[in-house]
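First comes the structure, then the notes that go with it.
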Amino acid sequence: TITSRRILRGRILSFLRRPAGVGDASSYRHLADGVVVVEDGRIVAVADAGEIDAFRTAGCVVDDHRGKLILPGFVDTHIHFPQTRVIASYGEQLLEWLSKYTFPAEMRYADRGHAEAGARFFLDELARNGTTTAVVYGSVHREAIEAFFEESERRGTLMLAGKTMMDRGAPAPLTDTAESGYRDTTALVKAWHRRGRQRVVVTPRFAITSTPAQLEAAGALARENPDCLVQTHMSENRAEIAYTAELYPERAGYLDVYDHYGLVGPRTLLGHCIHLRPDEIERMSEAGAVAVFCPTSNLFIGSGLFDHDGLEKGPHPVRIGLATDVGGGTDYSMLRTAAEAYKIMQLRGQKLSALSAFDRMTRANAEVIGEADEIGRIEPGLAADLVVLDSRATPAMAHRMEAVDGDLEEELFVLMTLGDDRAVAATYVAGRPVGAR
Ligand code: GUN
Ligand code: ZN
């Protein structure tokens with residue numbers, strides 16, 4: 001049998017658990033000169049480089065990344081594939097931003113060729129930024145998300161994605177119905193859920209663009225497909241919350257709209273969660289639902305400052321994911337996203353340590369999407385989805401690094417504060433280099 005062994009040599013960093021705070025060296029494993037041995041898309045061994053000869057086989061490739069950091073590939077827990085030409089759209093807050101820029105852009109994904117080209121660009125861009133897995137919103141069109149899955153399958157990436165369900169509050173060509181949204185999602189699950197590395201996500205856009213009948217159908221989908229994630233948006237913006245209350249006057253609040261239809265559980269990702277009431281925090285905690293923090297989007301659309309510690313460290317702790325939310329978000333880079341998360345937390349008097357940030361981008365994000373046994377750490381048995389980072393990628397970074405005397409946490413903080421796609425020296429998907437600079 002032909003196996004394709006590859007050895008990556010460099011500084012290896014992988015988190016074991018959530019860091020307790022600055023200096024928690026027991027939360028990660030760091031090998032200053034290590035090797036990751038990869039075979040058939042999986043990690044088969046991790047060792048000190050002194051042992052490299054024991055792992056060499058005839059014809060095996062050695063990629064020398066000495067001096068650079070090898071981490072698990074980044075995981076983005078909320079991003080919109082049809083919004084690559086919405087990113088950087090001027091001057092509006094959420095509801096106007098949706099109708100002025102987003103809906104027209106998403107309308108073009110009715111065209112299969114446009115969707116195919118869009119999927120190629122999108123997946124190229126994620127790879128260039130070191131993101132190897134994402135939880136993705138499509139447009140309303142079933143064919144567009146099929147094009148996305150086909151492209152992801154060709155590349156061997158682990159992607160979780162859904163056809164966005166929306167049966168009101170948008171131009172007619174961009175709406176489905178409660179019935180067709182249910183039917184199309186069910187067909188997608190049959191065709192694509194756990195076909196190789198692809199996963200289907202039940203994706204009602206948000207309460208404003210779904211009738212009660214459609215949320216009922218989404219609840220049925222969640223019940224019938226308990227292995228699928230559910231994703232939607234919640235409590236991003238004050239006008240959105242007020243309009244939702246008008247559309248669902250019989251519900252106790254925004255979270256209760258989703259809860260009523262059986263959409264709030266441990267496999268639910270709720271994008272934004274900025275303006276939550278205490279009872280909603282308590283209920284999310286009890287249900288194990290995930291609040292997805294999208295810092296660049298929240299700043300750019302002017303939505304508000306996510307209360308990270310209020311959710312994570314309160315009496316009713318809520319699970320948190322970190323995400324770009326492109327095209328509301330302004331960067332594909334999880335490094336840039338972490339930098340903006342840090343600044344939002346500063347404005348709230350909270351601290352995001354570099355250890356916590358890198359744990360979130362890798363292990364913790366994999367955990368909140370239910371993929372911790374597959375990705376997010378560098379351990380034998382897990383997929384070889386990896387990113388190689390260069391802390392001296394730009395003049396400003398190299399210059400700043402001259403003042404770092406071997407302190408890993410300080411280096412990571414420089415990387416997240418100054419780094420972006422330029423700091424990504426290589427990305428590996430299932431053991432194969434992709435989109436390397
Ligand atoms: N709420 C409903 N749809 C969207 C979207 O596409 N982006 C953002 N940021 N919020 C939303
Ligand atoms: Zn979003």
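FYI, nothing fancy with the structure tokens labels: chains A, B, ... in order, residues from 1 per chain, ligands from 1 as they appear.
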Contacts of ligand 1, 9 Å or closer, only C-alpha atoms and all ligand atoms, given as a PyMOL selection string: chain A and resi 79-80+83+94-95+97-98+102-103+137+205-209+232-237+240+271-272+294+297-298+301+303+325-329
Export, as a JSON list (two decimals), in the first residue's frame, the selected residues with C-alpha atoms.
[["chain", "number", "residue", "atom", "x", "y", "z"],
["A", 79, "ILE", "CA", -19.01, 33.40, 8.38],
["A", 80, "HIS", "CA", -21.15, 34.09, 5.29],
["A", 83, "GLN", "CA", -20.78, 38.03, 1.35],
["A", 94, "LEU", "CA", -27.66, 46.04, 10.62],
["A", 95, "LEU", "CA", -31.13, 46.21, 9.08],
["A", 97, "TRP", "CA", -26.94, 47.12, 5.79],
["A", 98, "LEU", "CA", -28.84, 43.89, 5.05],
["A", 102, "THR", "CA", -26.31, 42.08, 1.63],
["A", 103, "PHE", "CA", -29.55, 40.97, 0.02],
["A", 137, "TYR", "CA", -24.05, 30.55, 6.05],
["A", 205, "ARG", "CA", -31.15, 33.38, 9.13],
["A", 206, "PHE", "CA", -32.88, 35.09, 12.08],
["A", 207, "ALA", "CA", -36.37, 35.67, 13.47],
["A", 208, "ILE", "CA", -37.03, 38.73, 11.31],
["A", 209, "THR", "CA", -36.65, 36.77, 8.07],
["A", 232, "THR", "CA", -28.85, 31.75, 13.58],
["A", 233, "HIS", "CA", -28.38, 35.38, 14.65],
["A", 234, "MET", "CA", -29.64, 36.93, 17.89],
["A", 235, "SER", "CA", -29.56, 40.25, 19.78],
["A", 236, "GLU", "CA", -27.04, 41.98, 17.57],
["A", 237, "ASN", "CA", -28.66, 45.40, 17.36],
["A", 240, "GLU", "CA", -33.41, 44.25, 15.36],
["A", 271, "GLY", "CA", -24.38, 34.79, 16.39],
["A", 272, "HIS", "CA", -23.66, 38.05, 18.28],
["A", 294, "CYS", "CA", -17.86, 38.48, 16.14],
["A", 297, "SER", "CA", -18.46, 42.83, 12.67],
["A", 298, "ASN", "CA", -19.82, 44.25, 15.91],
["A", 301, "ILE", "CA", -21.78, 47.56, 11.86],
["A", 303, "SER", "CA", -23.78, 46.90, 16.97],
["A", 325, "ASP", "CA", -18.70, 37.15, 10.47],
["A", 326, "VAL", "CA", -17.42, 38.26, 7.07],
["A", 327, "GLY", "CA", -19.02, 40.25, 5.29],
["A", 328, "GLY", "CA", -20.33, 42.17, 8.33],
["A", 329, "GLY", "CA", -16.90, 41.43, 9.73]]
Polymer residues at most 12 Å from Val35 in chain A, only C-alpha atoms, same-chain spacing of 2 or more positions, as number ranges by chain: A: 6-13, 30-33, 37-38, 43-56, 62-66, 69-71, 378-380
Write the residues you've just listed into a file as a compact mmCIF listing (two decimals), in the first residue's frame, and include N, CA and C atoms for each of them.
# COMPACT_ATOMS: atom_id res chain seq x y z
N ARG A 6 4.46 12.54 5.75
CA ARG A 6 5.08 13.86 5.70
C ARG A 6 5.44 14.24 7.13
N ILE A 7 6.59 14.88 7.28
CA ILE A 7 7.01 15.32 8.61
C ILE A 7 7.15 16.85 8.58
N LEU A 8 6.49 17.51 9.50
CA LEU A 8 6.63 18.96 9.63
C LEU A 8 7.51 19.22 10.85
N ARG A 9 8.53 20.02 10.64
CA ARG A 9 9.42 20.34 11.76
C ARG A 9 9.30 21.83 12.09
N GLY A 10 9.16 22.14 13.37
CA GLY A 10 9.05 23.54 13.80
C GLY A 10 8.73 23.60 15.28
N ARG A 11 8.27 24.76 15.71
CA ARG A 11 7.84 24.91 17.11
C ARG A 11 6.37 24.54 17.16
N ILE A 12 6.05 23.58 17.99
CA ILE A 12 4.68 23.05 17.98
C ILE A 12 3.92 23.55 19.20
N LEU A 13 2.75 24.10 18.95
CA LEU A 13 1.92 24.61 20.05
C LEU A 13 0.49 24.09 19.91
N HIS A 30 4.05 22.87 24.30
CA HIS A 30 4.91 23.60 23.37
C HIS A 30 6.21 22.83 23.21
N LEU A 31 6.52 22.47 21.98
CA LEU A 31 7.80 21.84 21.70
C LEU A 31 8.64 22.84 20.92
N ALA A 32 9.78 23.26 21.48
CA ALA A 32 10.59 24.32 20.87
C ALA A 32 11.20 23.88 19.54
N ASP A 33 11.49 22.58 19.42
CA ASP A 33 11.93 22.02 18.14
C ASP A 33 11.30 20.64 18.06
N VAL A 37 4.21 14.23 12.66
CA VAL A 37 4.27 13.21 11.61
C VAL A 37 2.85 12.96 11.11
N VAL A 38 2.71 13.07 9.80
CA VAL A 38 1.39 13.06 9.18
C VAL A 38 1.31 11.94 8.16
N ILE A 43 -2.66 13.06 11.89
CA ILE A 43 -1.44 13.14 12.69
C ILE A 43 -1.20 11.75 13.28
N VAL A 44 0.00 11.21 13.05
CA VAL A 44 0.28 9.89 13.61
C VAL A 44 1.25 9.96 14.79
N ALA A 45 2.03 11.05 14.88
CA ALA A 45 2.94 11.19 16.02
C ALA A 45 3.35 12.64 16.18
N VAL A 46 3.65 13.00 17.43
CA VAL A 46 4.20 14.32 17.76
C VAL A 46 5.39 14.05 18.67
N ALA A 47 6.54 14.61 18.33
CA ALA A 47 7.73 14.27 19.11
C ALA A 47 8.76 15.38 19.05
N ASP A 48 9.77 15.28 19.91
CA ASP A 48 10.90 16.19 19.80
C ASP A 48 11.68 15.89 18.52
N ALA A 49 12.26 16.94 17.94
CA ALA A 49 12.94 16.78 16.66
C ALA A 49 14.14 15.83 16.77
N GLY A 50 14.67 15.67 17.98
CA GLY A 50 15.76 14.73 18.19
C GLY A 50 15.39 13.31 17.77
N GLU A 51 14.10 13.03 17.73
CA GLU A 51 13.65 11.68 17.37
C GLU A 51 13.29 11.55 15.89
N ILE A 52 13.61 12.58 15.12
CA ILE A 52 13.10 12.62 13.74
C ILE A 52 13.49 11.39 12.93
N ASP A 53 14.69 10.86 13.15
CA ASP A 53 15.14 9.73 12.33
C ASP A 53 14.28 8.50 12.52
N ALA A 54 13.70 8.37 13.71
CA ALA A 54 12.83 7.22 13.97
C ALA A 54 11.56 7.27 13.12
N PHE A 55 11.24 8.47 12.61
CA PHE A 55 9.98 8.61 11.87
C PHE A 55 10.17 8.69 10.36
N ARG A 56 11.42 8.81 9.94
CA ARG A 56 11.66 8.93 8.50
C ARG A 56 11.37 7.60 7.82
N VAL A 62 10.00 16.04 4.27
CA VAL A 62 10.18 16.80 5.51
C VAL A 62 10.04 18.29 5.18
N ASP A 63 9.07 18.95 5.79
CA ASP A 63 8.89 20.39 5.61
C ASP A 63 9.55 21.09 6.78
N ASP A 64 10.57 21.87 6.48
CA ASP A 64 11.35 22.50 7.54
C ASP A 64 10.78 23.88 7.88
N HIS A 65 10.07 23.96 8.98
CA HIS A 65 9.52 25.24 9.44
C HIS A 65 10.23 25.68 10.73
N ARG A 66 11.46 25.29 10.90
CA ARG A 66 12.17 25.63 12.14
C ARG A 66 12.09 27.12 12.44
N LEU A 69 5.99 28.79 14.23
CA LEU A 69 5.05 28.08 15.10
C LEU A 69 4.10 27.23 14.26
N ILE A 70 3.96 25.98 14.64
CA ILE A 70 2.98 25.10 14.00
C ILE A 70 1.81 24.94 14.98
N LEU A 71 0.64 25.36 14.56
CA LEU A 71 -0.56 25.26 15.40
C LEU A 71 -1.65 24.50 14.66
N ILE A 378 -3.08 19.35 18.19
CA ILE A 378 -2.06 18.56 17.49
C ILE A 378 -1.79 17.33 18.33
N GLU A 379 -2.52 16.29 18.03
CA GLU A 379 -2.45 15.03 18.78
C GLU A 379 -2.61 13.88 17.79
N PRO A 380 -1.93 12.76 18.06
CA PRO A 380 -2.12 11.59 17.19
C PRO A 380 -3.60 11.23 17.09
Minimum-distance residue to ligand 2, chosen among A:Val201, A:Ala426, A:Leu355, A:Val136 (using only C-alpha atoms and all ligand atoms): A:Val136
Strand (DSSP E or B) residues, from DSSP on the backbone, in range 96-281 of chain A, as JSON, numbers by chain: {"A": [131, 132, 133, 134, 135, 136, 137, 158, 159, 160, 161, 162, 164, 165, 198, 199, 200, 202, 203, 204, 230, 231, 232, 233, 234, 268, 269, 270, 271, 272]}
Helix (DSSP H, G or I) per DSSP on the backbone: members of range 70-125 of chain A, as a PyMOL selection string: chain A and resi 81-83+94-110+112-125
Residue selection dump (C-alpha atoms) as a PDB file, in the first residue's frame:
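So out-v7.pdb came out as:
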ATOM      1  CA  PHE A  81     -19.905  32.553   2.042  1.00  0.00           C
ATOM      2  CA  PRO A  82     -22.013  34.820  -0.277  1.00  0.00           C
ATOM      3  CA  GLN A  83     -20.776  38.030   1.351  1.00  0.00           C
ATOM      4  CA  LEU A  94     -27.658  46.040  10.617  1.00  0.00           C
ATOM      5  CA  LEU A  95     -31.130  46.207   9.075  1.00  0.00           C
ATOM      6  CA  GLU A  96     -30.270  48.854   6.458  1.00  0.00           C
ATOM      7  CA  TRP A  97     -26.936  47.119   5.788  1.00  0.00           C
ATOM      8  CA  LEU A  98     -28.838  43.890   5.052  1.00  0.00           C
ATOM      9  CA  SER A  99     -31.296  45.458   2.612  1.00  0.00           C
ATOM     10  CA  LYS A 100     -28.881  47.884   0.943  1.00  0.00           C
ATOM     11  CA  TYR A 101     -25.839  45.651   0.456  1.00  0.00           C
ATOM     12  CA  THR A 102     -26.309  42.085   1.631  1.00  0.00           C
ATOM     13  CA  PHE A 103     -29.547  40.970   0.023  1.00  0.00           C
ATOM     14  CA  PRO A 104     -28.569  42.254  -3.465  1.00  0.00           C
ATOM     15  CA  ALA A 105     -25.194  40.476  -3.225  1.00  0.00           C
ATOM     16  CA  GLU A 106     -26.779  37.221  -2.042  1.00  0.00           C
ATOM     17  CA  MET A 107     -29.354  37.385  -4.861  1.00  0.00           C
ATOM     18  CA  ARG A 108     -26.566  36.780  -7.395  1.00  0.00           C
ATOM     19  CA  TYR A 109     -25.958  33.325  -5.882  1.00  0.00           C
ATOM     20  CA  ALA A 110     -29.034  32.074  -7.736  1.00  0.00           C
ATOM     21  CA  ARG A 112     -24.634  28.429 -10.249  1.00  0.00           C
ATOM     22  CA  GLY A 113     -21.500  29.733 -11.975  1.00  0.00           C
ATOM     23  CA  HIS A 114     -21.388  32.740  -9.668  1.00  0.00           C
ATOM     24  CA  ALA A 115     -21.719  30.441  -6.663  1.00  0.00           C
ATOM     25  CA  GLU A 116     -18.928  28.158  -7.904  1.00  0.00           C
ATOM     26  CA  ALA A 117     -16.538  31.054  -8.456  1.00  0.00           C
ATOM     27  CA  GLY A 118     -17.579  32.525  -5.094  1.00  0.00           C
ATOM     28  CA  ALA A 119     -16.875  29.233  -3.319  1.00  0.00           C
ATOM     29  CA  ARG A 120     -13.411  28.995  -4.876  1.00  0.00           C
ATOM     30  CA  PHE A 121     -12.516  32.536  -3.835  1.00  0.00           C
ATOM     31  CA  PHE A 122     -13.925  32.062  -0.340  1.00  0.00           C
ATOM     32  CA  LEU A 123     -12.064  28.805   0.341  1.00  0.00           C
ATOM     33  CA  ASP A 124      -8.832  30.209  -1.110  1.00  0.00           C
ATOM     34  CA  GLU A 125      -9.121  33.184   1.199  1.00  0.00           C
TER      35      GLU A 125
END
Counting only C-alpha atoms, the residue of A:Ala218, A:Ile320, A:Leu188, A:Leu305 that sits nearest Met165 in chain A: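 Smallest distance to Met165 in chain A is found for A:Ala218.
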